[in-house]
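All remarks here apply to the structure that follows.
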Amino acid sequence: MRFTAFTFALRLSPAEEQAVRRHAGAARFSYNQGLALLNEAYQAHKQDLTVKVPYSGFDLINAFNAWKRSPAAGQAADGTPGLPWRNEVLAQVFEEALVDLGRGVKGFFDARKQGGARKRGFPTFKKRGRTKESFRVRNKKAEVRIEADHIRLPRLGALRVWESTRRLRRMLRLGPDGQARAKVLFATVSQTAGRWYLRINVEAAALHPAMQHPAQAAAPAMGIDRGLHTFAVGATATGEEVLRETAPKPLAQKLRVLRRASRRLARKEKKPSKRRAKARRRLARLHAKVARIRSAFVHTLSSRVVKTHAHVALEDLHVAGMLKNRSLARSISDAAWSGFASQVVYKGAWRNCQVTLVDRFYPSSKKCHRCGYTLQELPLSQRVFECPECGLVCDRDTNAAANCALFAEQKHAAVKQMEAKNARGGEGSGCILGDAVKPAPVRRERWTPSRGYPTSGKDGVGMNVNAL
């Protein structure tokens, strides 16, 4: 089973675009109102501890439904209390926006519990014109229908699309056994750079065995070294180069045009004006084009890698830390290293391709893949690797990729040896060791008389309880 998505550009009439904007505005309204209800309940909770604060998405939906039918939400033309226009949009739009708010609140508290350098802020109110217009519709009763040139959504009707829906319709078609290969989970309508898109998320069956790599005991690995000069260089453990791709670098190519468009927008000082809105749309379209070029390149390369190789080794780069380097941050972001790695991982799972993450502290560039000699220093300006021990002379990136492949094959052999030892009744019998699974952190507990653990010190702090 796998999860995937299909994105289509919409061809909306003026009336359809108005209806879509109404639903997107309703999602933003319910999100803001749910956040206001949460803040009010929290202030009341500080005065009276019996007041329940709606933190979860389910509680927020109940609180919003009670509010939209109360006199505080307004009054209809016939005198009925409640939100007057609540029946003009689909009720799921309100609920899905509140579910997103609940996830944001949960993520904030989870980040505070876990600690660490990476923090997450509390959800804030969404302002019209400053946030992305979008809403989501669940496919509860098969109400989302895919046709040849349009997609039908509840309450909105048939929305025409530019792209062909044939591939998605074939997946949803019933087979000889009466079962479909996929089912639609939900549909998301969003606006990007002035254009509306429809994203269909589906749960699909696993790929056909003919499209997957056969199960092999020890498939030869291909190591991939990512860089700025050359995006990806692939090589085997013997040093044979099998891949070399240069990134298109769309941001660097469009940087001059983007700067000119940004200056034009900055000169439009009067904010509520048509000329300023036109300049914003022009700048947004340029940024969207850069993102599309980068995404198309990364998707194409990652798909080719997992299709042609059964074992891939990637360096576990700390990209977030590298982005703190201001001189290289723009180039690293334009290269999309993280996006390429994540796509190789999940696409490899689809095609039974084994992906090994090489430790980020492994000296892949300084180490000779032939004899194992490690250099003390290797400046970035030196693009050729020369080994003083065995006399090997090769490209720096090719040598790093070969070391990654060698690391993956050695790790795979060590895992197989450990599994064989466990199968014979070793201490770790029954454990499943994965390639990308890191050891669990040491669990530290304070000693108490009820546990009876042997202590090392006054209170036993620092004892590895899992090892006893």
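If you're wondering about the labels, chains in the structure tokens are A, B, ... by order shown, residues count from 1 in each chain, ligands from 1 in order shown.
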
Which residues of stretch 235-294 of chain A come within 10 Å of stretch 303-322 of chain A, and what is each one's closest atom pair and distance in Å (one decimal), counting only C-alpha atoms, sorted by chain and residue number, as JSON lines?
```
{"residue": "A:Ala235", "atom": "CA", "partner": "A:Ala313", "partner_atom": "CA", "distance": 9.9}
{"residue": "A:Thr236", "atom": "CA", "partner": "A:Val312", "partner_atom": "CA", "distance": 9.7}
{"residue": "A:Leu243", "atom": "CA", "partner": "A:Val305", "partner_atom": "CA", "distance": 9.0}
```

Given the selection you just returned, output its residues as a file containing N, CA and C atoms, formatted as a PDB file, in the first residue's frame.
```pdb
ATOM      1  N   ALA A 235      28.443   6.327  -7.994  1.00  0.00           N
ATOM      2  CA  ALA A 235      29.540   5.400  -8.299  1.00  0.00           C
ATOM      3  C   ALA A 235      29.344   4.126  -7.498  1.00  0.00           C
ATOM      4  N   THR A 236      29.927   3.053  -7.988  1.00  0.00           N
ATOM      5  CA  THR A 236      29.892   1.777  -7.289  1.00  0.00           C
ATOM      6  C   THR A 236      31.033   1.702  -6.282  1.00  0.00           C
ATOM      7  N   LEU A 243      26.746   7.700 -12.634  1.00  0.00           N
ATOM      8  CA  LEU A 243      25.763   8.785 -12.656  1.00  0.00           C
ATOM      9  C   LEU A 243      26.487  10.107 -12.445  1.00  0.00           C
TER      10      LEU A 243
END
```

Apply DSSP to the backbone of this structure and, from stretch 143-305 of chain A, keep only the residues in strand (DSSP E); write these as JSON, numbers by chain.
{"A": [145, 146, 150, 151, 152, 153, 157, 158, 159, 160, 161, 182, 183, 184, 185, 186, 187, 188, 189, 190, 191, 192, 195, 196, 197, 198, 199, 200, 201, 202, 203, 204, 222, 223, 224, 225, 226, 232, 233, 234, 235, 241, 242, 243, 244, 245]}

Quick one: distance from atom CA of A:Ala247 to atom CA of A:Met211 in Å, one decimal?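 These atoms are spaced 27.1 Å apart.
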
Discussion item. Give me, as a VMD selection string, all polymer residues having an atom no more than 10 Å from stretch 128-142 of chain A, counting only C-alpha atoms and skipping those fewer than 5 positions away in the same chain.
Written reply: chain A and resid 20 to 21 23 to 29 90 to 97 153 to 154 183 to 193 196 to 201

Give me the residues of stretch 76-164 of chain A that have any atom at most 7 Å from an atom of stretch 36-57 of chain A; for each, the nearest atom pair and the distance in Å, rounded to one decimal. Use only C-alpha atoms, sort by chain and number, and format it as a tab-separated table.
```
residue	atom	partner	partner_atom	distance
A:Leu98	CA	A:Gly57	CA	5.7
A:Val99	CA	A:Gly57	CA	4.4
A:Leu101	CA	A:Gly57	CA	6.8
A:Gly102	CA	A:Gly57	CA	4.2
A:Val105	CA	A:Tyr55	CA	6.7
```

Write out, as a compact mmCIF listing (two decimals), in the first residue's frame, the residues just selected, with N, CA and C atoms.
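Result written to again_17.txt:
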```
# COMPACT_ATOMS: atom_id res chain seq x y z
N LEU A 98 -10.56 23.34 11.08
CA LEU A 98 -10.40 23.18 12.52
C LEU A 98 -9.51 21.98 12.86
N VAL A 99 -9.54 20.95 12.04
CA VAL A 99 -8.63 19.82 12.23
C VAL A 99 -7.18 20.28 12.05
N LEU A 101 -6.09 23.28 12.61
CA LEU A 101 -5.77 24.07 13.79
C LEU A 101 -5.40 23.17 14.97
N GLY A 102 -6.15 22.08 15.14
CA GLY A 102 -5.83 21.14 16.22
C GLY A 102 -4.46 20.51 16.03
N VAL A 105 -1.84 23.08 17.11
CA VAL A 105 -1.74 23.20 18.56
C VAL A 105 -1.00 22.00 19.14
```

Residues of stretch 64-259 of chain A in alpha helix (DSSP H), written as an NGL selection string:
:A and (64-68 or 91-114 or 166-172 or 250-253 or 255-259)

Can I get the selection written as a short mmCIF file (atom, residue, chain, number, x, y, z; two decimals), in the first residue's frame, with N, CA and C atoms?
```cif
data_model
loop_
_atom_site.label_atom_id
_atom_site.label_comp_id
_atom_site.auth_asym_id
_atom_site.auth_seq_id
_atom_site.Cartn_x
_atom_site.Cartn_y
_atom_site.Cartn_z
N PHE A 64 -16.98 25.07 17.68
CA PHE A 64 -17.38 25.93 16.56
C PHE A 64 -18.82 25.66 16.14
N ASN A 65 -19.25 24.40 16.12
CA ASN A 65 -20.64 24.09 15.76
C ASN A 65 -21.62 24.69 16.75
N ALA A 66 -21.25 24.67 18.03
CA ALA A 66 -22.13 25.30 19.02
C ALA A 66 -22.16 26.81 18.85
N TRP A 67 -21.02 27.40 18.48
CA TRP A 67 -20.98 28.86 18.31
C TRP A 67 -21.74 29.31 17.08
N LYS A 68 -21.61 28.57 15.94
CA LYS A 68 -22.23 29.04 14.69
C LYS A 68 -23.76 28.95 14.73
N ALA A 91 -20.07 21.94 4.77
CA ALA A 91 -19.72 21.89 6.19
C ALA A 91 -18.35 21.28 6.42
N GLN A 92 -17.90 20.41 5.51
CA GLN A 92 -16.57 19.80 5.68
C GLN A 92 -15.45 20.84 5.65
N VAL A 93 -15.68 21.95 4.95
CA VAL A 93 -14.65 22.98 4.86
C VAL A 93 -14.36 23.55 6.24
N PHE A 94 -15.41 23.80 7.04
CA PHE A 94 -15.21 24.27 8.41
C PHE A 94 -14.45 23.23 9.24
N GLU A 95 -14.87 21.98 9.12
CA GLU A 95 -14.30 20.93 9.97
C GLU A 95 -12.82 20.68 9.65
N GLU A 96 -12.47 20.64 8.36
CA GLU A 96 -11.08 20.36 7.99
C GLU A 96 -10.14 21.49 8.42
N ALA A 97 -10.62 22.72 8.35
CA ALA A 97 -9.79 23.83 8.82
C ALA A 97 -9.55 23.74 10.32
N LEU A 98 -10.56 23.34 11.08
CA LEU A 98 -10.40 23.18 12.52
C LEU A 98 -9.51 21.98 12.86
N VAL A 99 -9.54 20.95 12.04
CA VAL A 99 -8.63 19.82 12.23
C VAL A 99 -7.18 20.28 12.05
N ASP A 100 -6.93 21.12 11.04
CA ASP A 100 -5.58 21.66 10.85
C ASP A 100 -5.16 22.51 12.04
N LEU A 101 -6.09 23.28 12.61
CA LEU A 101 -5.77 24.07 13.79
C LEU A 101 -5.40 23.17 14.97
N GLY A 102 -6.15 22.08 15.14
CA GLY A 102 -5.83 21.14 16.22
C GLY A 102 -4.46 20.51 16.03
N ARG A 103 -4.08 20.20 14.80
CA ARG A 103 -2.75 19.64 14.55
C ARG A 103 -1.67 20.67 14.87
N GLY A 104 -1.92 21.93 14.54
CA GLY A 104 -0.94 22.95 14.86
C GLY A 104 -0.74 23.13 16.35
N VAL A 105 -1.84 23.08 17.11
CA VAL A 105 -1.74 23.20 18.56
C VAL A 105 -1.00 22.00 19.14
N LYS A 106 -1.31 20.81 18.64
CA LYS A 106 -0.64 19.61 19.13
C LYS A 106 0.85 19.64 18.81
N GLY A 107 1.21 20.11 17.62
CA GLY A 107 2.61 20.21 17.27
C GLY A 107 3.37 21.19 18.15
N PHE A 108 2.70 22.27 18.55
CA PHE A 108 3.35 23.24 19.44
C PHE A 108 3.67 22.62 20.79
N PHE A 109 2.71 21.91 21.38
CA PHE A 109 2.95 21.30 22.68
C PHE A 109 3.92 20.13 22.59
N ASP A 110 3.89 19.37 21.50
CA ASP A 110 4.84 18.27 21.34
C ASP A 110 6.27 18.80 21.23
N ALA A 111 6.45 19.92 20.51
CA ALA A 111 7.78 20.51 20.40
C ALA A 111 8.29 21.00 21.75
N ARG A 112 7.40 21.53 22.57
CA ARG A 112 7.81 21.98 23.90
C ARG A 112 8.20 20.81 24.80
N LYS A 113 7.51 19.69 24.67
CA LYS A 113 7.84 18.53 25.48
C LYS A 113 9.17 17.92 25.07
N GLN A 114 9.40 17.84 23.77
CA GLN A 114 10.63 17.22 23.28
C GLN A 114 11.84 18.10 23.52
N ARG A 166 -6.62 10.50 -17.23
CA ARG A 166 -6.71 9.09 -17.64
C ARG A 166 -5.97 8.18 -16.66
N ARG A 167 -4.76 8.60 -16.25
CA ARG A 167 -3.98 7.74 -15.37
C ARG A 167 -4.68 7.52 -14.04
N LEU A 168 -5.27 8.56 -13.49
CA LEU A 168 -5.99 8.42 -12.23
C LEU A 168 -7.25 7.60 -12.40
N ARG A 169 -7.95 7.78 -13.51
CA ARG A 169 -9.19 7.01 -13.74
C ARG A 169 -8.90 5.53 -13.90
N ARG A 170 -7.77 5.20 -14.50
CA ARG A 170 -7.41 3.79 -14.65
C ARG A 170 -7.12 3.14 -13.30
N MET A 171 -6.53 3.91 -12.38
CA MET A 171 -6.28 3.37 -11.05
C MET A 171 -7.57 3.17 -10.27
N LEU A 172 -8.56 4.04 -10.49
CA LEU A 172 -9.82 3.94 -9.77
C LEU A 172 -10.80 2.98 -10.41
N PRO A 250 17.54 26.89 -11.07
CA PRO A 250 16.60 27.87 -11.62
C PRO A 250 16.62 29.20 -10.88
N LEU A 251 16.88 29.18 -9.58
CA LEU A 251 16.92 30.44 -8.84
C LEU A 251 18.08 31.32 -9.30
N ALA A 252 19.25 30.71 -9.52
CA ALA A 252 20.39 31.49 -10.00
C ALA A 252 20.16 32.04 -11.40
N GLN A 253 19.45 31.29 -12.24
CA GLN A 253 19.18 31.76 -13.60
C GLN A 253 18.15 32.89 -13.62
N LEU A 255 17.49 34.95 -11.07
CA LEU A 255 17.71 35.88 -9.98
C LEU A 255 17.64 37.33 -10.47
N ARG A 256 18.19 37.62 -11.62
CA ARG A 256 18.16 38.99 -12.12
C ARG A 256 16.72 39.44 -12.42
N VAL A 257 15.94 38.55 -13.00
CA VAL A 257 14.54 38.89 -13.29
C VAL A 257 13.74 39.04 -12.00
N LEU A 258 14.03 38.19 -11.02
CA LEU A 258 13.32 38.27 -9.74
C LEU A 258 13.65 39.58 -9.02
N ARG A 259 14.89 40.02 -9.07
CA ARG A 259 15.25 41.27 -8.43
C ARG A 259 14.54 42.45 -9.09
#
```
